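**Q** Structure file upload-v3.txt (compact mmCIF, C-alpha atoms) right here:
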```txt
# COMPACT_ATOMS: atom_id res chain seq x y z
CA MET G 1076 -22.83 -70.25 257.69
CA LYS G 1077 -22.30 -68.42 260.97
CA GLY G 1078 -22.12 -65.10 259.12
CA GLN G 1079 -25.37 -65.79 257.28
CA VAL G 1080 -27.26 -66.46 260.53
CA GLU G 1081 -25.90 -63.24 262.01
CA ILE G 1082 -27.06 -61.21 258.98
CA ALA G 1083 -30.48 -62.86 259.09
CA LEU G 1084 -30.79 -62.16 262.82
CA LEU G 1085 -29.73 -58.54 262.25
CA ALA G 1086 -32.33 -58.22 259.47
CA VAL G 1087 -35.03 -59.62 261.79
CA VAL G 1088 -34.09 -57.20 264.59
CA ALA G 1089 -34.01 -54.26 262.13
CA LEU G 1090 -37.38 -55.31 260.75
CA MET G 1091 -38.87 -55.57 264.23
CA VAL G 1092 -37.60 -52.07 265.13
CA VAL G 1093 -38.93 -50.52 261.89
CA GLY G 1094 -42.21 -52.47 262.24
CA GLY G 1095 -42.61 -51.30 265.82
CA LEU G 1096 -42.06 -47.68 264.81
CA TYR G 1097 -44.66 -47.87 262.05
CA LEU G 1098 -47.14 -49.73 264.21
CA ASN G 1099 -46.75 -46.98 266.79
CA LEU G 1100 -47.33 -44.36 264.08
CA LEU G 1101 -50.40 -46.24 262.81
CA ILE G 1102 -51.95 -46.49 266.27
CA GLY G 1103 -51.10 -42.83 266.92
CA SER G 1104 -52.82 -41.82 263.67
CA GLN G 1105 -55.93 -43.81 264.57
CA VAL G 1106 -56.07 -42.07 267.94
CA SER G 1107 -55.80 -38.71 266.12
CA VAL G 1108 -58.58 -39.69 263.71
CA LYS G 1109 -60.87 -40.58 266.61
CA GLN G 1110 -59.98 -37.29 268.32
CA ILE G 1111 -60.75 -35.30 265.15
CA VAL G 1112 -64.04 -37.13 264.58
CA LYS G 1113 -64.96 -36.34 268.17
CA GLU G 1114 -64.11 -32.66 267.75
CA THR G 1115 -66.14 -32.24 264.55
CA ASP G 1116 -69.11 -34.04 266.14
CA VAL G 1117 -68.89 -31.68 269.11
CA ILE G 1118 -68.80 -28.62 266.80
CA GLU G 1119 -71.86 -29.97 264.97
CA ALA G 1120 -73.69 -30.49 268.27
CA VAL G 1121 -72.75 -27.01 269.54
CA ASN G 1122 -74.05 -25.38 266.32
CA LYS G 1123 -77.25 -27.41 266.54
CA MET G 1124 -77.66 -26.34 270.16
CA GLU G 1125 -77.03 -22.66 269.32
CA ALA G 1126 -79.79 -22.68 266.68
CA VAL G 1127 -82.21 -24.11 269.25
CA LYS G 1128 -81.15 -21.52 271.84
CA LYS G 1129 -81.73 -18.72 269.30
CA GLY G 1130 -85.18 -20.13 268.54
CA LEU G 1131 -86.40 -20.45 272.14
CA PRO G 1132 -87.89 -16.89 272.34
CA TYR G 1133 -89.79 -17.55 269.11
CA SER G 1134 -91.14 -20.90 270.32
CA LEU G 1135 -92.35 -19.17 273.48
CA HIS G 1136 -94.05 -16.47 271.41
CA TYR G 1137 -95.61 -19.05 269.08
CA SER G 1138 -96.88 -20.88 272.18
CA TYR G 1139 -98.40 -17.61 273.41
CA LEU G 1140 -100.15 -17.00 270.05
CA GLU G 1141 -101.49 -20.57 269.94
CA ALA G 1142 -102.74 -20.25 273.54
CA LEU G 1143 -104.64 -17.10 272.53
CA LYS G 1144 -106.16 -19.00 269.60
CA ARG G 1145 -107.14 -22.01 271.72
CA GLY G 1146 -108.75 -19.75 274.33
CA GLY G 1147 -110.71 -17.98 271.61
CA TYR G 1148 -109.13 -14.64 272.48
CA SER G 1149 -108.46 -12.03 269.80
CA SER G 1150 -105.77 -10.38 271.94
CA PHE G 1151 -104.29 -10.54 275.44
CA SER G 1152 -106.65 -7.79 276.68
CA ASP G 1153 -109.50 -10.36 276.34
CA VAL G 1154 -107.79 -12.85 278.68
CA SER G 1155 -109.69 -12.99 281.96
CA ASP G 1156 -108.05 -15.95 283.69
CA GLN G 1157 -104.28 -15.48 283.49
CA GLU G 1158 -103.51 -18.70 285.39
CA ASN G 1159 -105.42 -20.82 282.87
CA PHE G 1160 -103.86 -18.88 280.01
CA LYS G 1161 -100.38 -19.49 281.43
CA ALA G 1162 -101.17 -23.21 281.74
CA GLU G 1163 -102.25 -23.25 278.08
CA ILE G 1164 -98.99 -21.56 277.00
CA SER G 1165 -97.10 -24.14 279.04
CA SER G 1166 -99.01 -26.97 277.37
CA VAL G 1167 -98.23 -25.69 273.85
CA PHE G 1168 -94.60 -25.03 274.80
CA ASN G 1169 -94.39 -28.68 275.95
CA GLU G 1170 -95.47 -29.75 272.48
CA TYR G 1171 -92.57 -27.74 271.05
CA LYS G 1172 -90.24 -29.34 273.58
CA ASN G 1173 -91.39 -32.84 272.70
CA GLU G 1174 -91.07 -32.37 268.94
CA LEU G 1175 -87.65 -30.81 269.35
CA GLU G 1176 -86.47 -33.75 271.43
CA GLU G 1177 -87.88 -36.20 268.92
CA LYS G 1178 -86.20 -34.53 265.96
CA THR G 1179 -82.89 -33.33 267.39
CA GLU G 1180 -82.37 -35.26 270.66
CA ILE G 1181 -81.87 -31.88 272.34
CA ILE G 1182 -83.69 -31.87 275.65
CA ILE G 1183 -85.32 -28.71 276.96
CA PRO G 1184 -85.52 -29.32 280.72
CA GLY G 1185 -88.64 -28.93 282.80
CA GLY G 1186 -89.05 -25.46 284.22
CA GLU G 1187 -91.36 -22.74 285.43
CA LEU G 1188 -93.32 -20.47 283.14
CA SER G 1189 -94.20 -17.07 284.57
CA LEU G 1190 -96.42 -14.43 283.06
CA THR G 1191 -96.78 -10.78 284.08
CA SER G 1192 -98.57 -7.97 282.32
CA THR G 1193 -98.97 -4.21 282.43
CA GLY G 1194 -101.48 -2.86 279.96
CA SER G 1195 -100.76 -4.31 276.53
CA GLU G 1196 -97.24 -5.40 277.53
CA VAL G 1197 -96.86 -9.06 278.47
CA THR G 1198 -93.69 -10.57 279.86
CA ILE G 1199 -93.26 -14.34 279.74
CA SER G 1200 -90.28 -16.09 281.29
CA PHE G 1201 -89.17 -19.68 281.15
CA THR G 1202 -86.79 -20.56 283.96
CA SER G 1203 -85.17 -23.84 284.77
CA THR G 1204 -82.45 -24.98 287.13
CA SER G 1205 -81.26 -27.54 284.55
CA PHE G 1206 -79.64 -27.08 281.15
CA LEU G 1207 -80.59 -27.60 277.55
CA THR G 1208 -78.81 -30.87 276.94
CA TYR G 1209 -77.55 -32.83 273.98
CA GLU G 1210 -75.90 -36.16 274.67
CA SER G 1211 -74.05 -38.30 272.20
CA SER G 1212 -72.91 -41.74 273.14
CA SER G 1213 -71.22 -44.39 271.09
CA LYS G 1214 -68.58 -47.06 271.56
CA GLU G 1215 -65.88 -44.68 270.35
CA LEU G 1216 -66.89 -41.45 272.06
CA SER G 1217 -69.36 -39.93 274.48
CA PHE G 1218 -69.97 -36.28 275.12
CA SER G 1219 -72.63 -33.85 276.33
CA VAL G 1220 -73.31 -30.26 275.30
CA PHE G 1221 -75.11 -27.91 277.67
CA GLU G 1222 -76.72 -24.51 277.27
CA ASN G 1223 -78.70 -22.17 279.47
CA PRO G 1224 -82.43 -22.52 278.60
CA ASN G 1225 -83.68 -19.51 280.56
CA VAL G 1226 -85.43 -16.95 278.40
CA THR G 1227 -87.69 -13.93 278.89
CA ILE G 1228 -89.77 -12.39 276.13
CA LYS G 1229 -91.64 -9.09 275.97
CA ILE G 1230 -94.81 -8.95 273.92
CA VAL G 1231 -96.63 -5.71 273.07
CA ASP G 1232 -99.96 -5.89 271.25
CA ASP G 1233 -99.32 -9.62 270.76
CA LYS G 1234 -96.09 -8.90 268.86
CA LEU G 1235 -92.70 -10.08 270.06
CA VAL G 1236 -90.68 -6.92 270.69
CA ASP G 1237 -87.78 -8.01 272.86
CA TRP G 1238 -86.15 -11.03 274.50
CA PHE G 1239 -83.17 -11.83 276.66
CA MET U 375 -19.14 -64.62 250.16
CA LYS U 376 -21.56 -64.80 247.25
CA GLY U 377 -24.17 -66.38 249.50
CA GLN U 378 -23.80 -63.59 252.07
CA ALA U 379 -24.28 -60.90 249.42
CA GLU U 380 -27.45 -62.65 248.19
CA ILE U 381 -28.85 -62.80 251.75
CA ALA U 382 -27.99 -59.14 252.28
CA ILE U 383 -29.71 -58.13 249.02
CA MET U 384 -32.74 -60.29 249.83
CA GLY U 385 -32.84 -58.82 253.31
CA MET U 386 -32.75 -55.31 251.89
CA ILE U 387 -35.51 -56.07 249.38
CA PHE U 388 -37.57 -57.69 252.13
CA THR U 389 -37.07 -54.66 254.42
CA VAL U 390 -38.02 -52.17 251.67
CA VAL U 391 -41.15 -54.19 250.79
CA ALA U 392 -42.07 -54.48 254.47
CA ILE U 393 -41.66 -50.72 254.98
CA ILE U 394 -43.80 -49.92 251.92
CA ALA U 395 -46.43 -52.46 253.02
CA MET U 396 -46.56 -50.87 256.47
CA ARG U 397 -46.63 -47.34 255.06
CA PHE U 398 -49.50 -48.17 252.71
CA PRO U 399 -52.27 -48.35 255.37
CA LEU U 400 -50.99 -45.02 256.73
CA ILE U 401 -51.29 -43.37 253.32
CA ILE U 402 -54.84 -44.77 252.92
CA LEU U 403 -55.69 -43.57 256.42
CA GLN U 404 -54.31 -40.08 255.75
CA TYR U 405 -56.24 -39.86 252.47
CA HIS U 406 -59.54 -40.79 254.14
CA LEU U 407 -58.77 -38.44 257.00
CA ALA U 408 -58.19 -35.52 254.62
CA VAL U 409 -61.38 -36.27 252.65
CA ASN U 410 -63.51 -36.64 255.77
CA LEU U 411 -62.04 -33.58 257.46
CA ASN U 412 -62.74 -31.49 254.40
CA LEU U 413 -66.36 -32.70 254.36
CA GLU U 414 -66.76 -32.01 258.07
CA TYR U 415 -65.19 -28.58 257.68
CA GLU U 416 -67.60 -27.69 254.88
CA TYR U 417 -70.55 -29.07 256.86
CA ASN U 418 -69.64 -27.07 259.98
CA ASN U 419 -69.04 -23.98 257.86
CA ALA U 420 -72.46 -24.30 256.22
CA GLN U 421 -74.03 -24.76 259.66
CA LEU U 422 -72.29 -21.61 260.92
CA THR U 423 -73.42 -19.71 257.83
CA LEU U 424 -77.02 -20.71 258.54
CA LEU U 425 -76.61 -19.67 262.18
CA SER U 426 -75.24 -16.28 261.11
CA LEU U 427 -78.07 -15.87 258.63
CA VAL U 428 -80.86 -16.53 261.14
CA SER U 429 -79.17 -14.19 263.64
CA THR U 430 -79.22 -11.29 261.15
CA LYS U 431 -81.93 -8.66 261.34
CA TYR U 432 -84.31 -8.38 258.41
CA ASN U 433 -85.59 -4.97 259.52
CA GLU U 434 -86.22 -3.11 262.79
CA THR U 435 -88.83 -5.60 263.98
CA TYR U 436 -88.13 -8.84 262.10
CA SER U 437 -85.17 -11.18 262.14
CA MET U 438 -84.14 -13.42 259.28
CA TYR U 439 -85.09 -16.31 261.59
CA ARG U 440 -88.72 -15.18 261.58
CA VAL U 441 -88.76 -14.39 257.87
CA ILE U 442 -87.72 -17.98 257.13
CA SER U 443 -89.70 -19.78 259.84
CA GLU U 444 -92.90 -17.74 259.27
CA ARG U 445 -92.72 -17.76 255.46
CA ASN U 446 -95.84 -19.93 255.10
CA LEU U 447 -97.78 -17.64 257.44
CA ASN U 448 -96.63 -14.14 256.46
CA GLY U 449 -95.67 -14.77 252.85
CA PHE U 450 -92.27 -14.90 251.26
CA ASP U 451 -91.95 -12.30 248.51
CA GLU U 452 -89.11 -11.46 246.14
CA SER U 453 -87.75 -8.60 248.30
CA MET U 454 -87.41 -11.02 251.24
CA LYS U 455 -85.63 -13.55 249.04
CA GLU U 456 -83.33 -10.86 247.64
CA LYS U 457 -82.34 -9.72 251.10
CA ILE U 458 -81.57 -13.29 252.18
CA ILE U 459 -79.61 -13.89 248.97
CA PHE U 460 -77.63 -10.67 249.58
CA ASN U 461 -76.68 -11.89 253.06
CA MET U 462 -75.90 -15.40 251.86
CA ASP U 463 -73.64 -13.96 249.16
CA LEU U 464 -71.60 -12.25 251.85
CA LEU U 465 -71.52 -15.30 254.08
CA THR U 466 -70.76 -18.04 251.56
CA HIS U 467 -68.79 -16.31 248.78
CA ALA U 468 -70.34 -19.03 246.62
CA LYS U 469 -71.42 -18.50 243.02
CA CYS U 470 -74.59 -20.46 243.68
CA PHE U 471 -76.46 -21.84 246.66
CA ARG U 472 -79.81 -23.23 247.71
CA LEU U 473 -81.74 -23.02 250.94
CA VAL U 474 -83.99 -26.05 251.23
CA ASP U 475 -86.33 -27.71 253.71
CA GLU U 476 -86.97 -31.44 253.78
CA THR U 477 -89.35 -31.39 250.81
CA SER U 478 -88.75 -28.26 248.74
CA THR U 479 -86.42 -25.41 247.82
CA ILE U 480 -86.95 -22.25 249.87
CA LEU U 481 -84.75 -20.11 247.64
CA GLU U 482 -81.80 -20.45 245.30
CA LYS U 483 -79.25 -18.23 243.62
CA GLY U 484 -77.27 -18.72 240.48
CA ASP U 485 -77.73 -20.61 237.27
CA CYS U 486 -75.51 -23.47 238.41
CA SER U 487 -76.82 -26.39 240.41
CA ALA U 488 -75.53 -26.11 243.99
CA ALA U 489 -74.90 -29.58 245.31
CA LYS U 490 -71.47 -29.76 246.88
CA HIS U 491 -71.40 -28.62 250.51
CA SER U 492 -74.28 -28.68 252.93
CA GLY U 493 -75.13 -28.00 256.55
CA GLU U 494 -78.34 -28.06 258.51
CA ILE U 495 -80.04 -26.43 261.50
CA TYR U 496 -83.45 -26.71 263.15
CA LEU U 497 -85.91 -23.82 263.43
CA PHE U 498 -89.07 -23.46 265.47
CA LYS U 499 -92.13 -22.74 263.35
CA PRO U 500 -95.45 -21.04 264.17
CA TYR U 501 -97.89 -23.57 265.63
CA GLY U 502 -99.21 -25.90 262.96
CA GLN U 503 -98.58 -29.37 261.59
CA GLU U 504 -94.84 -29.13 262.05
CA LEU U 505 -93.39 -27.29 265.05
CA VAL U 506 -89.71 -27.82 264.34
CA GLU U 507 -88.27 -27.60 260.83
CA LYS U 508 -84.93 -28.73 259.51
CA ILE U 509 -83.41 -26.42 256.89
CA TYR U 510 -80.32 -27.09 254.79
CA LEU U 511 -77.85 -24.86 253.03
CA VAL U 512 -76.31 -26.35 249.90
CA TYR U 513 -73.61 -24.46 248.01
CA GLU U 514 -70.79 -24.93 245.54
```
Once you've parsed the file, please lay out its structure as structure tokens.
**A**
Amino acid sequence: MKGQVEIALLAVVALMVVGGLYLNLLIGSQVSVKQIVKETDVIEAVNKMEAVKKGLPYSLHYSYLEALKRGGYSSFSDVSDQENFKAEISSVFNEYKNELEEKTEIIIPGGELSLTSTGSEVTISFTSTSFLTYESSSKELSFSVFENPNVTIKIVDDKLVDWF
Amino acid sequence: MKGQAEIAIMGMIFTVVAIIAMRFPLIILQYHLAVNLNLEYEYNNAQLTLLSLVSTKYNETYSMYRVISERNLNGFDESMKEKIIFNMDLLTHAKCFRLVDETSTILEKGDCSAAKHSGEIYLFKPYGQELVEKIYLVYE
């Protein structure tokens, strides 16, 4: 009877050791899964952010074209009040910002719009001291992705010719 | 002695069953992990392909980004589609693919129905009803 109890106790101890090892492995795997999910979500957010960054010069140019249309100008050479024109570009650009935020949760920060011109060449810059931001927050993971929103475009004869 | 052997055998059977029972959730977990990772990999790949596509130049003055985002304004003829398809062929190595927006197909290649892998990005559009458009790449 004494031998049987010893074997049973040994079996229990062995089982506890094996169980502990597997439980450790299971928890470790779950941690890895969470880590991987986090990494793929971050990659997705970075790609999303990059597409927005690439599109910023175009959105600025589209804002410029819409501002021309709203002012009733056929080209920039007709613009008499540059300050008002700049304010109109800024207003249209804000519409782009708002729709982007609504659809993608990427926030274009507030910033300054500047406009300079020489002849038919127009230079428009958007500068901000903050970043383009995407924030993801859930019970399991939270992260933020940032990108520089500053962009300058060159327009000649109302056509976008260069940006940086 | 006979009783001890029975206990030992039962203990062994119990241990083996317990090990298998504990290993089972791990196998399930690894299976789901592999499936999900593969999906995520394909999604991220499709997203990167779209990013590469819109970064490519169409000609000296136009980028693929503008060709796609301004297609309703400037037109979208067969030569434009062919050039995009040529680039997509290089980027995806897929026998068929589709570029779609939220309501319609922008272009497609191949006589098979591309439905397997997809990724999405957002593009700014010329001022109109919709300022930001989501486009998807679906390929086999």
**Q** Give me, please, the distance in Å between CA of Lys1229 in chain G and CA of Glu494 in chain U, quoted to one decimal.
**A** 29.0 Å
**Q** Suppose you want the space between CA of Asn1099 in chain G and CA of Gln404 in chain U; what is it in Å?
**A**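 Taking CA of Asn1099 in chain G as the start and CA of Gln404 in chain U as the end point, the length is 15.1 Å.
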**Q** For chain G, list the residues within 7 Å of chain U, counting all atoms listed in the file, and write the list as a list of chain:residue names.
**A**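 Here is what falls inside 7 Å: G:Gln1079, G:Ala1086, G:Leu1090, G:Tyr1097, G:Leu1101, G:Val1108, G:Thr1115, G:Glu1119, G:Asn1122, G:Lys1123, G:Ala1126, G:Val1127, G:Gly1130, G:Tyr1133, G:Ser1134, G:Tyr1137, G:Glu1141, G:Tyr1171, G:Glu1174, G:Leu1175.
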**Q** Residues within 7 Å of range 509-512 of chain U, please, as a PyMOL selection string. Count all atoms listed in the file; anything in the same chain fewer than 5 positions from it doesn't count.
**A** chain U and resi 420+424+471-476+488-496
**Q** Have a look at CA of Thr1227 in chain G and CA of Phe1239 in chain G and let me know their distance in Å, one decimal.
**A** 5.5 Å
**Q** Which residue gives the smallest distance to Gly1194 in chain G among G:Asp1153, G:Glu1215, G:Glu1081, G:Glu1210, with only C-alpha atoms counted?
**A**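 For Gly1194 in chain G, the nearest of the candidates is G:Asp1153.
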**Q** Got a sec: who's within 12 Å of Glu456 in chain U, counting only C-alpha atoms, leaving out chain neighbours fewer than 4 positions off, as a list in words?
**A**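 In the requested form, the answer reads Tyr432, Met438, Phe450, Asp451, Glu452, Phe460, Asn461, Met462, Asp463, Leu481, Glu482 and Lys483 of chain U.
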**Q** With all atoms listed in the file as the atoms that count, which of G:Val1093, G:Ala1120, G:Val1226, G:Val1236 lies nearest to Ala395 in chain U?
**A**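 Among the listed residues, the smallest separation from Ala395 in chain U belongs to G:Val1093.
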**Q** Quick one: range 385-407 of chain U with C-alpha atoms, as a JSON list (two decimals), in the first residue's frame?
**A**
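Result went into selection.json, see below:
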```
[["chain", "number", "residue", "atom", "x", "y", "z"],
["U", 385, "GLY", "CA", -0.46, 6.56, -14.38],
["U", 386, "MET", "CA", 1.33, 6.32, -17.71],
["U", 387, "ILE", "CA", -1.93, 6.36, -19.66],
["U", 388, "PHE", "CA", -3.15, 9.30, -17.60],
["U", 389, "THR", "CA", 0.13, 11.20, -18.19],
["U", 390, "VAL", "CA", 0.04, 10.55, -21.97],
["U", 391, "VAL", "CA", -3.61, 11.67, -22.18],
["U", 392, "ALA", "CA", -2.85, 14.75, -20.09],
["U", 393, "ILE", "CA", 0.12, 15.66, -22.31],
["U", 394, "ILE", "CA", -1.96, 15.24, -25.50],
["U", 395, "ALA", "CA", -4.81, 17.25, -23.96],
["U", 396, "MET", "CA", -2.41, 20.05, -23.07],
["U", 397, "ARG", "CA", -0.69, 19.94, -26.46],
["U", 398, "PHE", "CA", -4.02, 20.14, -28.31],
["U", 399, "PRO", "CA", -4.75, 23.84, -27.58],
["U", 400, "LEU", "CA", -1.18, 24.64, -28.67],
["U", 401, "ILE", "CA", -1.69, 22.89, -32.01],
["U", 402, "ILE", "CA", -4.99, 24.77, -32.52],
["U", 403, "LEU", "CA", -3.27, 28.02, -31.58],
["U", 404, "GLN", "CA", -0.37, 27.38, -33.98],
["U", 405, "TYR", "CA", -2.79, 26.54, -36.80],
["U", 406, "HIS", "CA", -4.77, 29.77, -36.32],
["U", 407, "LEU", "CA", -1.54, 31.71, -35.99]]
```
